[in-house]
$ cat query-v6.csv   # CSV, C-alpha atoms
chain,number,residue,atom,x,y,z
A,1,MET,CA,78.5,31.9,53.6
A,2,PRO,CA,75.8,29.7,55.1
A,3,VAL,CA,72.7,28.9,53.0
A,4,LYS,CA,69.3,29.2,54.7
A,5,LYS,CA,66.3,27.4,53.3
A,6,ILE,CA,63.3,29.7,52.9
A,7,PRO,CA,60.5,28.3,55.1
A,8,VAL,CA,56.8,28.1,54.3
A,9,PHE,CA,55.2,31.5,54.0
A,10,LEU,CA,52.3,32.0,56.5
A,11,GLY,CA,51.0,35.3,55.0
A,12,ILE,CA,51.1,38.9,56.0
A,13,ASN,CA,51.5,40.1,59.6
A,14,ASN,CA,52.1,43.7,60.6
A,15,VAL,CA,51.2,43.2,64.3
A,16,LYS,CA,53.9,40.9,65.6
A,17,GLU,CA,57.4,42.0,66.6
A,18,ASP,CA,60.1,41.4,64.0
A,19,ALA,CA,61.6,38.6,66.0
A,20,ALA,CA,58.3,36.8,66.1
A,21,LEU,CA,57.8,36.7,62.4
A,22,GLU,CA,59.7,33.4,62.0
A,23,ILE,CA,58.2,30.3,63.4
A,24,LYS,CA,60.6,27.5,64.2
A,25,GLY,CA,60.2,23.9,65.2
A,26,ASP,CA,58.8,20.9,63.4
A,27,SER,CA,56.5,23.1,61.2
A,28,PRO,CA,58.7,26.1,60.4
A,29,GLY,CA,57.2,29.1,58.7
A,30,MET,CA,57.6,32.8,58.2
A,31,PHE,CA,55.2,35.8,58.3
A,32,LEU,CA,55.9,38.8,55.9
A,33,ARG,CA,55.4,42.5,56.4
A,34,ASP,CA,54.4,42.9,52.8
A,35,ALA,CA,54.2,41.0,49.6
A,36,VAL,CA,53.8,42.7,46.2
A,37,ASN,CA,52.5,40.8,43.2
A,38,ILE,CA,52.8,37.5,45.1
A,39,ASN,CA,50.1,34.9,45.9
A,40,PHE,CA,50.4,32.3,48.6
A,41,SER,CA,48.8,28.9,48.4
A,42,ASP,CA,47.2,27.0,51.3
A,43,THR,CA,50.5,25.2,51.8
A,44,GLY,CA,52.5,28.4,51.9
A,45,ARG,CA,54.1,28.2,48.5
A,46,ALA,CA,54.6,31.5,46.7
A,47,GLU,CA,53.9,32.3,43.1
A,48,LEU,CA,53.8,35.4,41.0
A,49,ALA,CA,50.3,37.0,40.7
A,50,LYS,CA,48.8,36.9,37.3
A,51,THR,CA,49.5,40.1,35.4
A,52,MET,CA,46.6,42.5,34.7
A,53,GLN,CA,46.0,44.4,31.5
A,54,LEU,CA,43.9,47.5,30.8
A,55,GLN,CA,40.8,46.2,28.9
A,56,SER,CA,39.2,49.6,28.1
A,57,SER,CA,40.1,53.2,28.1
A,58,LYS,CA,36.4,54.2,28.9
A,59,ALA,CA,35.7,55.6,32.3
A,60,ILE,CA,33.5,52.6,33.3
A,61,ARG,CA,32.5,52.5,37.0
A,62,ASP,CA,30.4,50.4,39.3
A,63,LEU,CA,30.8,47.3,37.0
A,64,TRP,CA,28.5,44.5,38.1
A,65,GLN,CA,27.7,41.1,36.6
A,66,SER,CA,24.3,39.5,37.1
A,67,PRO,CA,24.6,36.1,38.8
A,68,LEU,CA,21.5,35.0,37.0
A,69,HIS,CA,21.8,36.4,33.5
A,70,LYS,CA,25.7,36.6,33.4
A,71,GLU,CA,25.4,40.0,31.7
A,72,CYS,CA,27.4,43.0,32.9
A,73,PHE,CA,26.2,46.5,33.7
A,74,ALA,CA,27.9,49.7,34.7
A,75,ALA,CA,27.8,53.5,34.6
A,76,LEU,CA,29.6,55.5,31.9
A,77,ASP,CA,29.4,59.2,32.4
A,78,ASN,CA,25.8,59.8,33.3
A,79,GLN,CA,24.4,56.7,31.6
A,80,TRP,CA,23.5,53.3,32.8
A,81,VAL,CA,25.0,50.9,30.3
A,82,LYS,CA,25.1,47.3,29.4
A,83,VAL,CA,28.7,46.1,28.9
A,84,ASN,CA,30.0,43.4,26.6
A,85,PRO,CA,33.0,42.0,28.5
A,86,ASP,CA,34.5,40.5,25.4
A,87,THR,CA,34.7,43.7,23.3
A,88,TRP,CA,34.0,46.3,26.1
A,89,GLU,CA,31.5,47.9,23.9
A,90,THR,CA,28.6,49.6,25.9
A,91,GLN,CA,24.9,49.9,25.2
A,92,PRO,CA,23.2,52.9,26.8
A,93,LEU,CA,20.1,52.0,28.8
A,94,THR,CA,19.0,55.2,30.6
A,95,GLU,CA,20.3,58.2,32.4
A,96,CYS,CA,21.6,57.5,35.9
A,97,GLY,CA,23.3,60.7,37.1
A,98,GLN,CA,26.9,61.0,38.4
A,99,GLY,CA,26.5,59.1,41.7
A,100,PRO,CA,27.2,55.4,42.5
A,101,LEU,CA,25.1,52.6,41.1
A,102,PHE,CA,23.9,49.5,43.0
A,103,HIS,CA,22.5,46.4,41.4
A,104,ILE,CA,20.5,43.3,42.4
A,105,VAL,CA,18.3,40.6,40.7
A,106,LEU,CA,14.6,41.3,41.4
A,107,ASN,CA,11.9,38.9,40.1
A,108,ASN,CA,14.3,37.7,37.3
A,109,LEU,CA,14.9,41.3,36.3
A,110,VAL,CA,18.0,43.4,36.8
A,111,CYS,CA,17.2,46.2,39.3
A,112,MET,CA,19.4,49.3,39.7
A,113,ALA,CA,19.4,52.2,42.2
A,114,CYS,CA,21.0,55.5,41.3
A,115,ASP,CA,20.5,59.2,41.8
A,116,ASN,CA,17.6,59.3,39.3
A,117,GLY,CA,15.6,56.5,41.1
A,118,LEU,CA,15.0,52.8,40.8
A,119,PHE,CA,15.1,51.1,37.4
A,120,THR,CA,14.6,47.6,36.1
A,121,TYR,CA,15.9,46.0,32.9
A,122,ASP,CA,14.1,43.1,31.2
A,123,GLY,CA,16.6,42.2,28.6
A,124,GLN,CA,15.2,44.7,26.1
A,125,THR,CA,14.5,48.1,27.8
A,126,ALA,CA,15.1,49.9,31.0
A,127,LYS,CA,12.1,51.1,32.9
A,128,ARG,CA,11.4,53.0,36.1
A,129,LEU,CA,10.4,50.8,38.9
A,130,ILE,CA,8.6,53.5,40.8
A,131,ILE,CA,5.4,55.3,39.7
A,132,ASP,CA,4.8,58.9,40.7
A,133,THR,CA,1.8,59.5,42.9
A,134,PRO,CA,-0.9,61.4,40.9
A,135,ALA,CA,-2.4,64.7,41.9
A,136,LYS,CA,-5.9,64.5,43.3
A,137,PRO,CA,-8.8,64.8,40.8
A,138,GLN,CA,-11.1,67.8,40.8
A,139,ALA,CA,-14.8,67.1,41.5
A,140,ASN,CA,-17.6,69.3,40.1
A,141,VAL,CA,-21.3,69.0,40.9
A,142,LYS,CA,-23.5,68.1,37.9
A,143,TYR,CA,-27.3,68.5,38.2
A,144,ASN,CA,-30.1,66.4,36.7
A,145,TYR,CA,-28.3,63.2,37.8
A,146,SER,CA,-29.4,60.6,40.4
A,147,LEU,CA,-26.6,60.4,43.0
A,148,ASP,CA,-28.1,60.5,46.5
A,149,HIS,CA,-27.3,63.5,48.6
A,150,GLY,CA,-24.4,63.2,51.1
A,151,ASP,CA,-20.7,63.4,51.3
A,152,TYR,CA,-18.5,61.6,48.8
A,153,SER,CA,-14.7,61.1,48.6
A,154,PHE,CA,-12.7,60.4,45.4
A,155,ALA,CA,-9.1,59.5,44.7
A,156,ILE,CA,-7.2,58.0,41.8
A,157,SER,CA,-4.1,55.9,41.1
A,158,TRP,CA,-2.0,55.2,38.0
A,159,VAL,CA,-1.2,51.8,36.5
A,160,ALA,CA,2.1,51.1,34.7
A,161,ASN,CA,3.7,47.8,33.7
A,162,GLY,CA,1.1,45.9,35.8
A,163,LEU,CA,1.9,47.9,38.9
A,164,GLU,CA,-0.4,50.4,40.7
A,165,SER,CA,0.9,53.7,42.1
A,166,ALA,CA,0.1,55.1,45.6
A,167,LEU,CA,-3.3,56.7,46.0
A,168,SER,CA,-3.7,60.4,45.4
A,169,GLU,CA,-4.9,62.8,47.9
A,170,ILE,CA,-8.6,62.7,48.5
A,171,GLU,CA,-11.1,65.0,46.8
A,172,LYS,CA,-14.3,65.6,48.8
A,173,VAL,CA,-17.6,66.9,47.5
A,174,LYS,CA,-21.0,67.4,49.3
A,175,LEU,CA,-24.2,66.9,47.3
A,176,LEU,CA,-27.2,68.7,48.9
A,177,ASP,CA,-29.8,66.9,46.7
A,178,LYS,CA,-29.9,64.3,44.0
A,179,SER,CA,-27.3,65.3,41.4
A,180,GLY,CA,-24.1,63.9,40.0
A,181,VAL,CA,-20.3,64.5,39.9
A,182,GLN,CA,-17.9,65.2,37.0
A,183,LEU,CA,-14.3,64.2,37.9
A,184,GLN,CA,-11.5,66.2,36.1
A,185,LEU,CA,-8.4,63.9,36.0
A,186,PRO,CA,-4.9,65.3,36.2
A,187,MET,CA,-2.4,65.2,33.3
A,188,CYS,CA,0.1,62.3,33.4
A,189,LEU,CA,3.6,62.9,32.0
A,190,ASP,CA,4.9,59.3,32.6
A,191,SER,CA,4.9,57.5,29.2
A,192,ASN,CA,4.8,54.1,31.0
A,193,VAL,CA,1.4,54.7,32.6
A,194,THR,CA,-1.4,53.1,30.7
A,195,HIS,CA,-4.5,53.4,32.9
A,196,VAL,CA,-6.0,55.4,35.7
A,197,ARG,CA,-8.0,53.8,38.5
A,198,ILE,CA,-10.8,55.8,40.2
A,199,TYR,CA,-11.9,55.2,43.7
A,200,MET,CA,-14.9,56.6,45.6
A,201,THR,CA,-17.0,56.1,48.7
A,202,ASP,CA,-20.7,55.5,49.1
A,203,PRO,CA,-22.7,58.5,50.6
A,204,GLY,CA,-21.2,59.3,54.0
A,205,GLY,CA,-18.9,56.3,53.8
A,206,GLY,CA,-15.2,56.3,54.7
A,207,GLU,CA,-13.8,53.4,52.6
A,208,LEU,CA,-12.5,54.1,49.2
A,209,ARG,CA,-13.4,51.4,46.7
A,210,GLN,CA,-12.6,51.0,43.0
A,211,VAL,CA,-15.3,52.0,40.5
A,212,PHE,CA,-13.5,52.5,37.2
A,213,GLU,CA,-10.3,51.7,35.3
A,214,LEU,CA,-9.9,53.9,32.3
A,215,PRO,CA,-7.3,54.7,29.6
A,216,ILE,CA,-4.7,57.3,30.7
A,217,ASP,CA,-5.8,59.7,28.0
A,218,THR,CA,-9.2,60.1,29.7
A,219,MET,CA,-9.6,63.7,30.7
A,220,SER,CA,-12.8,63.6,32.7
A,221,VAL,CA,-15.5,61.1,33.7
A,222,ASP,CA,-19.2,61.7,34.6
A,223,ILE,CA,-20.7,59.8,37.6
A,224,PRO,CA,-24.5,60.3,37.2
A,225,ALA,CA,-25.4,57.5,39.6
A,226,LEU,CA,-23.7,55.3,42.2
A,227,PRO,CA,-21.7,52.7,40.3
A,228,GLU,CA,-20.9,49.2,41.6
A,229,LEU,CA,-18.2,49.5,44.2
A,230,GLY,CA,-15.3,47.1,43.8
A,231,ARG,CA,-12.3,46.3,45.9
A,232,ALA,CA,-11.0,48.6,48.6
A,233,ALA,CA,-8.0,50.8,47.9
A,234,THR,CA,-4.9,49.1,49.3
A,235,PHE,CA,-2.2,51.7,48.6
A,236,GLN,CA,-3.6,54.7,50.6
A,237,HIS,CA,-1.0,56.7,52.6
A,238,LEU,CA,1.9,55.1,50.7
A,239,SER,CA,4.6,56.8,48.7
A,240,PRO,CA,7.0,55.7,45.9
A,241,MET,CA,10.0,53.7,47.2
A,242,LYS,CA,13.1,55.8,47.7
A,243,SER,CA,16.4,55.2,45.9
A,244,GLY,CA,19.6,55.1,47.8
A,245,ASP,CA,22.9,53.4,48.5
A,246,PHE,CA,23.6,49.6,49.1
A,247,LEU,CA,20.4,48.4,47.3
A,248,ARG,CA,19.5,45.0,48.8
A,249,LEU,CA,16.6,42.5,48.7
A,250,TRP,CA,15.6,40.8,52.0
A,251,ARG,CA,12.4,39.2,53.3
A,252,GLY,CA,10.4,40.3,50.3
A,253,ARG,CA,11.4,44.0,50.7
A,254,LEU,CA,13.9,46.4,49.0
A,255,TRP,CA,16.3,48.1,51.4
A,256,VAL,CA,18.4,51.2,50.7
A,257,ALA,CA,20.4,53.6,52.9
A,258,ARG,CA,20.4,57.4,52.9
A,259,SER,CA,22.9,59.1,55.2
A,260,ASN,CA,22.0,57.6,58.6
A,261,VAL,CA,18.6,56.2,57.7
A,262,LEU,CA,17.7,52.7,56.4
A,263,TYR,CA,14.6,52.6,54.3
A,264,PHE,CA,12.6,49.6,53.2
A,265,SER,CA,9.7,49.0,50.8
A,266,GLU,CA,6.3,47.4,51.5
A,267,ALA,CA,6.4,43.5,51.5
A,268,MET,CA,6.3,42.1,48.0
A,269,THR,CA,5.4,45.6,46.7
A,270,TYR,CA,8.8,46.9,45.9
A,271,HIS,CA,7.8,50.2,44.3
A,272,LEU,CA,6.0,51.5,47.3
A,273,THR,CA,6.9,52.4,50.9
A,274,ASP,CA,5.2,54.0,53.9
A,275,ASP,CA,7.1,57.2,54.9
A,276,ARG,CA,5.4,57.0,58.4
A,277,TYR,CA,6.9,53.7,59.4
A,278,ASN,CA,9.2,52.1,56.9
A,279,PHE,CA,12.6,53.3,58.1
A,280,ILE,CA,15.2,52.7,60.8
A,281,GLN,CA,17.3,55.6,62.0
A,282,PHE,CA,20.9,55.2,63.2
A,283,PRO,CA,23.2,57.6,65.1
A,284,GLN,CA,25.9,57.6,62.5
A,285,ARG,CA,26.1,57.5,58.7
A,286,ILE,CA,25.6,54.0,57.3
A,287,ARG,CA,28.7,52.6,55.6
A,288,PHE,CA,27.2,49.3,54.4
A,289,ILE,CA,24.2,47.0,54.8
A,290,GLU,CA,24.3,43.2,54.2
A,291,PRO,CA,21.3,41.0,55.0
A,292,VAL,CA,21.8,37.4,56.2
A,293,ASP,CA,19.3,34.8,57.3
A,294,GLY,CA,19.0,36.0,60.9
A,295,GLY,CA,19.0,39.8,60.3
A,296,ILE,CA,21.0,42.7,58.7
A,297,TRP,CA,24.5,43.8,59.3
A,298,VAL,CA,24.8,47.6,59.2
A,299,GLY,CA,28.2,49.4,59.1
A,300,GLN,CA,28.6,52.6,61.2
A,301,ALA,CA,31.4,55.1,61.4
A,302,ASP,CA,33.3,53.4,64.2
A,303,HIS,CA,31.5,50.1,64.7
A,304,VAL,CA,28.9,47.7,63.2
A,305,VAL,CA,25.3,46.9,64.2
A,306,PHE,CA,23.3,43.7,63.8
A,307,LEU,CA,19.6,44.1,63.3
A,308,ARG,CA,18.4,40.8,64.7
A,309,GLY,CA,15.0,39.3,63.7
A,310,GLN,CA,12.9,38.6,60.7
A,311,ASP,CA,9.9,40.9,61.4
A,312,VAL,CA,10.8,44.5,60.5
A,313,ARG,CA,8.5,45.8,63.2
A,314,ASN,CA,10.3,43.9,66.0
A,315,MET,CA,14.0,43.9,65.1
A,316,ALA,CA,16.5,44.1,68.0
A,317,ILE,CA,19.5,46.4,67.5
A,318,GLU,CA,22.7,44.9,68.7
A,319,GLN,CA,25.8,47.0,68.8
A,320,LYS,CA,29.0,45.0,68.1
A,321,ALA,CA,32.5,46.0,69.3
A,322,SER,CA,34.1,46.0,65.9
A,323,ARG,CA,36.7,48.3,64.3
A,324,ALA,CA,35.6,50.9,61.8
A,325,PRO,CA,34.5,49.4,58.5
A,326,VAL,CA,35.5,50.9,55.2
A,327,TYR,CA,32.7,52.5,53.3
A,328,ALA,CA,30.9,50.2,50.7
A,329,SER,CA,33.2,47.3,51.5
A,330,SER,CA,30.7,44.6,52.2
A,331,ALA,CA,29.6,41.4,50.3
A,332,LEU,CA,28.1,38.0,50.9
A,333,LEU,CA,30.5,35.1,51.5
A,334,HIS,CA,29.6,31.4,51.7
A,335,SER,CA,30.7,30.1,55.1
A,336,ASP,CA,32.5,27.2,53.5
A,337,MET,CA,35.0,29.7,52.2
A,338,VAL,CA,36.2,30.4,55.8
A,339,LYS,CA,37.7,27.4,57.4
A,340,SER,CA,37.4,28.8,61.0
A,341,LEU,CA,33.6,28.9,60.6
A,342,SER,CA,31.2,26.0,61.1
A,343,GLN,CA,27.9,27.5,60.0
A,344,GLY,CA,26.5,24.6,58.1
A,345,GLY,CA,26.8,26.1,54.6
A,346,THR,CA,25.1,29.4,55.2
A,347,TRP,CA,25.8,32.8,53.7
A,348,CYS,CA,27.7,35.3,55.9
A,349,ALA,CA,28.4,39.0,55.5
A,350,VAL,CA,32.0,40.0,55.0
A,351,TRP,CA,33.5,43.5,55.1
A,352,LEU,CA,36.9,45.3,55.3
A,353,ALA,CA,37.8,47.1,58.5
A,354,GLU,CA,40.9,48.6,60.1
A,355,ASN,CA,42.0,45.1,61.2
A,356,GLY,CA,41.4,43.2,57.9
A,357,PHE,CA,38.4,41.2,56.8
A,358,VAL,CA,35.6,40.7,59.2
A,359,VAL,CA,32.8,38.1,59.0
A,360,GLY,CA,29.3,38.6,60.3
A,361,THR,CA,27.5,35.2,60.5
A,362,SER,CA,23.8,34.6,59.9
A,363,GLU,CA,23.4,34.1,63.7
A,364,GLY,CA,24.8,37.6,64.5
A,365,GLN,CA,28.3,36.5,65.6
A,366,LEU,CA,31.3,38.7,64.7
A,367,VAL,CA,34.5,37.0,63.6
A,368,GLU,CA,37.6,39.2,63.1
A,369,ILE,CA,39.5,36.6,61.1
A,370,GLN,CA,42.7,38.7,60.6
A,371,SER,CA,42.7,40.9,63.7
A,372,ASP,CA,45.8,39.1,65.1
A,373,ALA,CA,47.8,39.8,62.0
A,374,ILE,CA,46.5,43.0,60.3
A,375,TYR,CA,46.0,46.5,61.5
A,376,GLY,CA,46.0,50.1,60.2
A,377,ILE,CA,44.0,49.7,57.0
A,378,THR,CA,42.5,53.0,55.9
A,379,ALA,CA,40.5,54.0,52.8
A,380,ASN,CA,37.8,56.3,51.7
A,381,SER,CA,35.8,53.5,50.0
A,382,CYS,CA,36.2,49.9,48.8
A,383,ARG,CA,34.8,47.3,46.5
A,384,LEU,CA,35.1,43.6,47.2
A,385,VAL,CA,35.5,41.1,44.3
A,386,GLY,CA,35.5,37.3,44.5
A,387,PHE,CA,38.2,36.0,42.1
A,388,ASP,CA,39.9,32.6,41.9
A,389,ASN,CA,38.6,31.5,45.4
A,390,ARG,CA,40.0,34.7,46.8
A,391,LEU,CA,38.4,37.8,48.2
A,392,VAL,CA,40.1,40.9,46.6
A,393,ALA,CA,39.5,44.4,48.1
A,394,VAL,CA,40.0,47.3,45.8
A,395,VAL,CA,40.4,50.5,47.9
A,396,ASN,CA,40.8,54.2,47.2

$ encode --input "query-v6.csv" --output "structure tokens"
Amino acid sequence: MPVKKIPVFLGINNVKEDAALEIKGDSPGMFLRDAVNINFSDTGRAELAKTMQLQSSKAIRDLWQSPLHKECFAALDNQWVKVNPDTWETQPLTECGQGPLFHIVLNNLVCMACDNGLFTYDGQTAKRLIIDTPAKPQANVKYNYSLDHGDYSFAISWVANGLESALSEIEKVKLLDKSGVQLQLPMCLDSNVTHVRIYMTDPGGGELRQVFELPIDTMSVDIPALPELGRAATFQHLSPMKSGDFLRLWRGRLWVARSNVLYFSEAMTYHLTDDRYNFIQFPQRIRFIEPVDGGIWVGQADHVVFLRGQDVRNMAIEQKASRAPVYASSALLHSDMVKSLSQGGTWCAVWLAENGFVVGTSEGQLVEIQSDAIYGITANSCRLVGFDNRLVAVVN
């Protein structure tokens, strides 16, 4: 019987007709419908994929390695844990709930978003990033003091790990003659809080300014006369930053997604946000977010959106005609890894869609690099892993 030499393998193609899978001529090659446990080199040579072995019987999920510290973190049951990849022993850090975990490096610390909030790990302990907003203080009039008559306003904030919380609601008091004020401070249940800052206005004034910073175990403070007014309150009308899916850092702000809303923190003040303005609402549930230099790629149920711009107040929303992306399937990819791109060494967003891997450039261009060869990919969710100069998608 005739012997046919196997040509160079050109990869997977489930789009072309059967007769078009083989390429003849001076550079013959062949596309395959499927390839199990086989890797193809750039020259089309086939080799067996390396075998995989089960490393741990523990139900570890959302495993992540810090690109800065090279340490591994994950979730085990309802605990955020540090993982030793050599022995697969785990060190509990804090409770995280049963939902997914998302990690980034923030100011040389590991930052994690989960059902229970935002946390940081400094190499020793895990701490909450956010600080609860204190309840407003209670003001009582005290006589035989020397505060001038007039209207006064008071508010407080808490200080933990060098960060200040949002300002409490304002307590107002009216002094009819010369007297004073005793402020009753609310109880603090956060063990990380060390101090309370007290703000007040001058008589009839509208600007809250700092007057005291006291230990957190202070229960009350008397104000017999007008103290020296310090700096103005900067965190009025703000709230603790929300936790959510797809935690990212971009332009000095934290970004998370909740359902169909994208939330972001104050600039360089990651633990606080403004509930009045710091969000962008989309018509469909968000399936991924991936910031690049020129904006943010956002996955929707049946397409993707590019938020173009660098000022969060003036970003333009551009809808892209892309196939439906798989939930949580995005990552950053250096443009040098994709030969068809000439982006000058920038970082691009990449995600898995119905028609294979899709690249979103830093300039807002959409490149469906496998659309002529792949279609029909479906999955509930996905994780992308870079391994041996390959992008591996693990779907379920």

$ atom_distance --input "query-v6.csv" --atom1 "atom CA of Arg383 of chain A" --atom2 "atom CA of Cys72 of chain A"
16.1 Å

$ atom_distance --input "query-v6.csv" --atom1 "atom CA of His303 of chain A" --atom2 "atom CA of Gln319 of chain A"
7.7 Å

$ residues_around --input "query-v6.csv" --residues "Trp255 of chain A" --least-positions-apart "4" --cutoff "12 Å" --atoms "only C-alpha atoms" --output "count of residues only"
37

$ closest_residue --input "query-v6.csv" --among "A:Ala74, A:Val304, A:Cys382, A:Ile317" --to "Leu366 of chain A" --atoms "all atoms listed in the file"
A:Val304

$ atom_distance --input "query-v6.csv" --atom1 "atom CA of Gly117 of chain A" --atom2 "atom CA of Leu384 of chain A"
24.2 Å
